[in-house]
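S.K.: File query-v3.tsv follows (TSV, C-alpha atoms):
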```tsv
chain	number	residue	atom	x	y	z
A	914	MET	CA	17.98	132.57	13.91
A	915	LYS	CA	17.35	132.53	17.66
A	916	LYS	CA	21.10	132.07	18.33
A	917	ILE	CA	21.93	135.06	16.10
A	918	LEU	CA	19.45	137.25	18.00
A	919	ILE	CA	20.90	136.16	21.35
A	920	ALA	CA	24.45	136.87	20.11
A	921	LEU	CA	23.38	140.31	18.83
A	922	CYS	CA	21.79	141.15	22.20
A	923	LEU	CA	24.91	140.03	24.06
A	924	THR	CA	27.10	142.13	21.76
A	925	THR	CA	24.92	145.17	22.39
A	926	LEU	CA	25.25	144.66	26.15
A	927	VAL	CA	29.01	144.19	25.93
A	928	THR	CA	29.59	147.32	23.82
A	929	ALA	CA	26.99	149.50	25.54
A	930	CYS	CA	28.14	152.82	26.90
A	931	SER	CA	29.55	152.35	30.38
A	932	ASP	CA	29.50	154.73	33.30
A	933	ASN	CA	33.30	154.93	33.24
A	934	GLU	CA	33.48	156.20	29.65
A	935	VAL	CA	34.89	159.73	29.48
A	936	GLY	CA	35.47	160.08	25.74
A	937	ASP	CA	34.44	158.71	22.36
A	938	VAL	CA	36.42	159.49	19.20
A	939	SER	CA	34.99	158.54	15.80
A	940	LEU	CA	37.48	157.06	13.36
A	941	GLY	CA	35.60	158.44	10.39
A	942	MET	CA	32.41	158.33	8.42
A	943	PHE	CA	33.21	155.08	6.60
A	944	THR	CA	33.92	152.92	9.65
A	945	THR	CA	31.92	151.66	12.60
A	946	GLN	CA	34.99	151.72	14.83
A	947	ASP	CA	35.53	154.31	17.57
A	948	ILE	CA	38.22	154.95	20.14
A	949	LYS	CA	36.60	154.68	23.56
A	950	LEU	CA	38.31	156.44	26.46
A	951	ASN	CA	37.55	154.96	29.87
A	952	ILE	CA	38.57	155.87	33.39
A	953	LEU	CA	39.62	153.32	36.00
A	954	LYS	CA	39.98	154.21	39.66
A	955	ASP	CA	42.05	151.62	41.52
A	956	GLU	CA	39.74	150.35	44.29
A	957	ILE	CA	42.57	149.61	46.74
A	958	VAL	CA	45.07	152.32	45.80
A	959	SER	CA	42.47	155.07	45.48
A	960	GLY	CA	45.11	157.71	44.74
A	961	VAL	CA	45.71	156.18	41.29
A	962	THR	CA	43.59	156.90	38.23
A	963	CYS	CA	44.13	155.15	34.88
A	964	HIS	CA	42.80	156.17	31.48
A	965	ILE	CA	42.37	153.40	28.94
A	966	ALA	CA	41.95	153.96	25.20
A	967	SER	CA	40.65	151.04	23.14
A	968	ILE	CA	39.03	150.45	19.79
A	969	GLU	CA	35.41	149.35	19.83
A	970	GLU	CA	33.28	148.49	16.85
A	971	ASN	CA	29.51	148.76	16.76
A	972	LEU	CA	27.64	145.70	15.52
A	973	SER	CA	30.68	143.45	15.77
A	974	PHE	CA	31.12	140.19	17.64
A	975	SER	CA	34.75	141.02	18.45
A	976	ASP	CA	36.52	144.32	19.13
A	977	PRO	CA	40.16	144.82	18.11
A	978	SER	CA	42.72	143.92	20.78
A	979	ASP	CA	44.71	147.16	20.66
A	980	SER	CA	44.57	149.34	23.76
A	981	SER	CA	46.74	151.80	25.62
A	982	ILE	CA	46.85	152.80	29.26
A	983	SER	CA	48.12	155.80	31.17
A	984	CYS	CA	48.03	155.90	34.99
A	985	ARG	CA	48.83	158.82	37.27
A	986	GLN	CA	48.77	159.67	40.94
A	987	THR	CA	45.61	161.74	41.43
A	988	GLY	CA	45.35	161.55	45.20
A	989	GLU	CA	47.01	160.32	48.33
A	990	ILE	CA	48.76	156.92	48.31
A	991	THR	CA	49.42	155.50	51.78
A	992	THR	CA	51.35	152.60	53.28
A	993	ASP	CA	48.00	151.06	54.35
A	994	MET	CA	46.91	150.93	50.69
A	995	ILE	CA	50.18	149.30	49.60
A	996	ALA	CA	49.90	146.81	52.48
A	997	LYS	CA	46.56	145.58	51.05
A	998	ILE	CA	47.71	144.83	47.50
A	999	ASP	CA	48.95	141.53	46.07
A	1000	LYS	CA	52.74	141.74	45.97
A	1001	SER	CA	53.38	138.58	43.95
A	1002	LYS	CA	55.28	138.82	40.65
A	1003	SER	CA	52.03	138.37	38.70
A	1004	GLY	CA	50.15	140.97	40.75
A	1005	GLU	CA	46.38	141.08	40.53
A	1006	VAL	CA	43.69	141.92	37.99
A	1007	VAL	CA	42.06	145.23	38.91
A	1008	PHE	CA	39.79	145.55	35.86
A	1009	LYS	CA	38.49	143.37	33.04
A	1010	LYS	CA	36.19	143.96	30.11
A	1011	SER	CA	34.84	141.54	27.54
A	1012	LYS	CA	35.98	142.39	24.01
A	1013	SER	CA	34.24	139.52	22.22
A	1014	ILE	CA	31.56	136.90	22.66
A	1015	PHE	CA	34.37	134.50	21.71
A	1016	PHE	CA	36.23	134.69	25.07
A	1017	LYS	CA	38.53	137.63	24.35
A	1018	THR	CA	39.00	139.90	27.35
A	1019	MET	CA	40.96	143.07	28.02
A	1020	LYS	CA	42.47	143.00	31.52
A	1021	ILE	CA	44.34	145.53	33.63
A	1022	ARG	CA	46.76	144.03	36.12
A	1023	ARG	CA	48.51	145.89	38.97
A	1024	ILE	CA	52.04	144.71	39.83
A	1025	PHE	CA	54.18	146.20	42.59
A	1026	ASP	CA	57.89	146.75	41.94
A	1027	ALA	CA	59.12	146.92	45.55
A	1028	GLU	CA	62.77	147.54	44.65
A	1029	ASN	CA	61.90	150.68	42.68
A	1030	GLN	CA	58.85	151.62	44.77
A	1031	THR	CA	56.61	151.73	41.70
A	1032	LEU	CA	53.13	150.49	40.84
A	1033	MET	CA	52.89	149.05	37.33
A	1034	TYR	CA	49.61	148.76	35.46
A	1035	VAL	CA	49.61	146.54	32.38
A	1036	SER	CA	46.70	146.38	29.95
A	1037	TYR	CA	46.53	143.24	27.82
A	1038	SER	CA	44.32	141.12	25.61
A	1039	THR	CA	43.74	137.47	26.50
A	1040	LYS	CA	43.67	136.32	22.89
A	1041	VAL	CA	46.48	136.26	20.31
A	1042	THR	CA	45.94	138.78	17.52
A	1043	SER	CA	48.22	139.01	14.47
A	1044	GLY	CA	50.70	136.64	16.11
A	1045	SER	CA	51.02	138.41	19.48
A	1046	PHE	CA	49.21	139.39	22.64
A	1047	LYS	CA	48.52	143.13	22.56
A	1048	HIS	CA	49.60	144.98	25.70
A	1049	SER	CA	50.46	148.40	27.12
A	1050	LEU	CA	52.22	149.48	30.34
A	1051	SER	CA	52.02	152.50	32.63
A	1052	THR	CA	53.82	153.12	35.92
A	1053	VAL	CA	53.12	155.19	39.03
A	1054	PRO	CA	56.19	155.86	41.19
A	1055	LEU	CA	55.61	156.09	44.94
A	1056	TRP	CA	58.37	158.71	45.32
A	1057	GLY	CA	56.93	161.73	47.11
A	1058	THR	CA	53.95	159.83	48.57
A	1059	LYS	CA	53.29	158.65	52.12
A	1060	ALA	CA	53.74	155.09	50.83
A	1061	TYR	CA	57.34	155.56	49.73
A	1062	VAL	CA	59.83	153.37	51.62
A	1063	GLU	CA	63.54	154.23	51.57
A	1064	PRO	CA	65.53	151.65	49.53
A	1065	ALA	CA	67.39	150.27	52.57
A	1066	GLN	CA	64.02	149.64	54.24
A	1067	ALA	CA	62.30	148.18	51.19
A	1068	HIS	CA	63.75	144.67	51.55
```
Represent the structure contained in this file as structure tokens.

M.R.:
Amino acid sequence: MKKILIALCLTTLVTACSDNEVGDVSLGMFTTQDIKLNILKDEIVSGVTCHIASIEENLSFSDPSDSSISCRQTGEITTDMIAKIDKSKSGEVVFKKSKSIFFKTMKIRRIFDAENQTLMYVSYSTKVTSGSFKHSLSTVPLWGTKAYVEPAQAH
């Protein structure tokens, strides 16, 4: 019984309303699932804002893996910002959120496409669901920003 109480408390903490939540859409009267809309400001590239929509279920030990992401330029993006990011092919995790007490996590990873001068943000689940890893992609082109590098100079 003590383990069940601890698990319930952990679940409540994990699904509690966060300060980055900007919307909450009920999926109906006969379900405990809601679509939570969260905002993510990239800490390094502060001119990028992402909105993430994901399903969360009250009183559940595991939220569904489905999520979607949309990122846009909402401020200045500079060459100094781009110089600070991880430019490897796997990029870097800029956000993560527990979706289950059973080690399922939703992560947002930033990857830089130097050839096309574009920031890519991919949202994904770390656990296989229905035979696949759930994921979503959004891109932010650097064209028109101070960070844009002409193609001949990009290499």

S.K.: Give as a compact mmCIF listing (two decimals) with C-alpha atoms, keeping the file's coordinate frame each residue that has an atom at most 7 Å from (37.6, 150.5, 28.5) in the file, counting only C-alpha atoms.

M.R.:
```txt
# COMPACT_ATOMS: atom_id res chain seq x y z
CA LYS A 949 36.60 154.68 23.56
CA LEU A 950 38.31 156.44 26.46
CA ASN A 951 37.55 154.96 29.87
CA ILE A 965 42.37 153.40 28.94
CA ALA A 966 41.95 153.96 25.20
CA SER A 967 40.65 151.04 23.14
CA LYS A 1010 36.19 143.96 30.11
```

S.K.: If I take CA of Lys1020 in chain A and CA of Thr1039 in chain A, how far is one from the other in Å, to one decimal?

M.R.: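 Calculated distance between CA of Lys1020 in chain A and CA of Thr1039 in chain A is 7.6 Å.
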
S.K.: By how many Å are CA of Trp1056 in chain A and CA of Lys997 in chain A apart?

M.R.: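 Result for CA of Trp1056 in chain A versus CA of Lys997 in chain A: 18.6 Å, one decimal.
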
S.K.: Find the residues with any atom within 7 Å of (50.4, 148.3, 29.9); use all atoms listed in the file and the coordinates as given in the file, and write the answer as a list in words.

M.R.: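 Those residues lying close to the given coordinates are Ser981, Ile982, Tyr1034, Val1035, Ser1036, Tyr1037, His1048, Ser1049, Leu1050 and Ser1051 of chain A.
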
S.K.: Generate the output file for the selected residues, C-alpha atoms, as a PDB file, in the coordinates of the input.

M.R.:
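Ended up saving to out-v6.pdb:
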```
ATOM      1  CA  SER A 981      46.740 151.800  25.620  1.00  0.00           C
ATOM      2  CA  ILE A 982      46.850 152.800  29.260  1.00  0.00           C
ATOM      3  CA  TYR A1034      49.610 148.760  35.460  1.00  0.00           C
ATOM      4  CA  VAL A1035      49.610 146.540  32.380  1.00  0.00           C
ATOM      5  CA  SER A1036      46.700 146.380  29.950  1.00  0.00           C
ATOM      6  CA  TYR A1037      46.530 143.240  27.820  1.00  0.00           C
ATOM      7  CA  HIS A1048      49.600 144.980  25.700  1.00  0.00           C
ATOM      8  CA  SER A1049      50.460 148.400  27.120  1.00  0.00           C
ATOM      9  CA  LEU A1050      52.220 149.480  30.340  1.00  0.00           C
ATOM     10  CA  SER A1051      52.020 152.500  32.630  1.00  0.00           C
TER      11      SER A1051
END
```

S.K.: Of the candidates A:Pro1064, A:Ile995, A:Val961, A:Lys1047, which one gets nearest to Glu1028 in chain A if we count only C-alpha atoms?

M.R.: A:Pro1064

S.K.: Quick one: distance from CA of Asp947 in chain A to CA of Met1033 in chain A in Å, one decimal?

M.R.: 26.8 Å
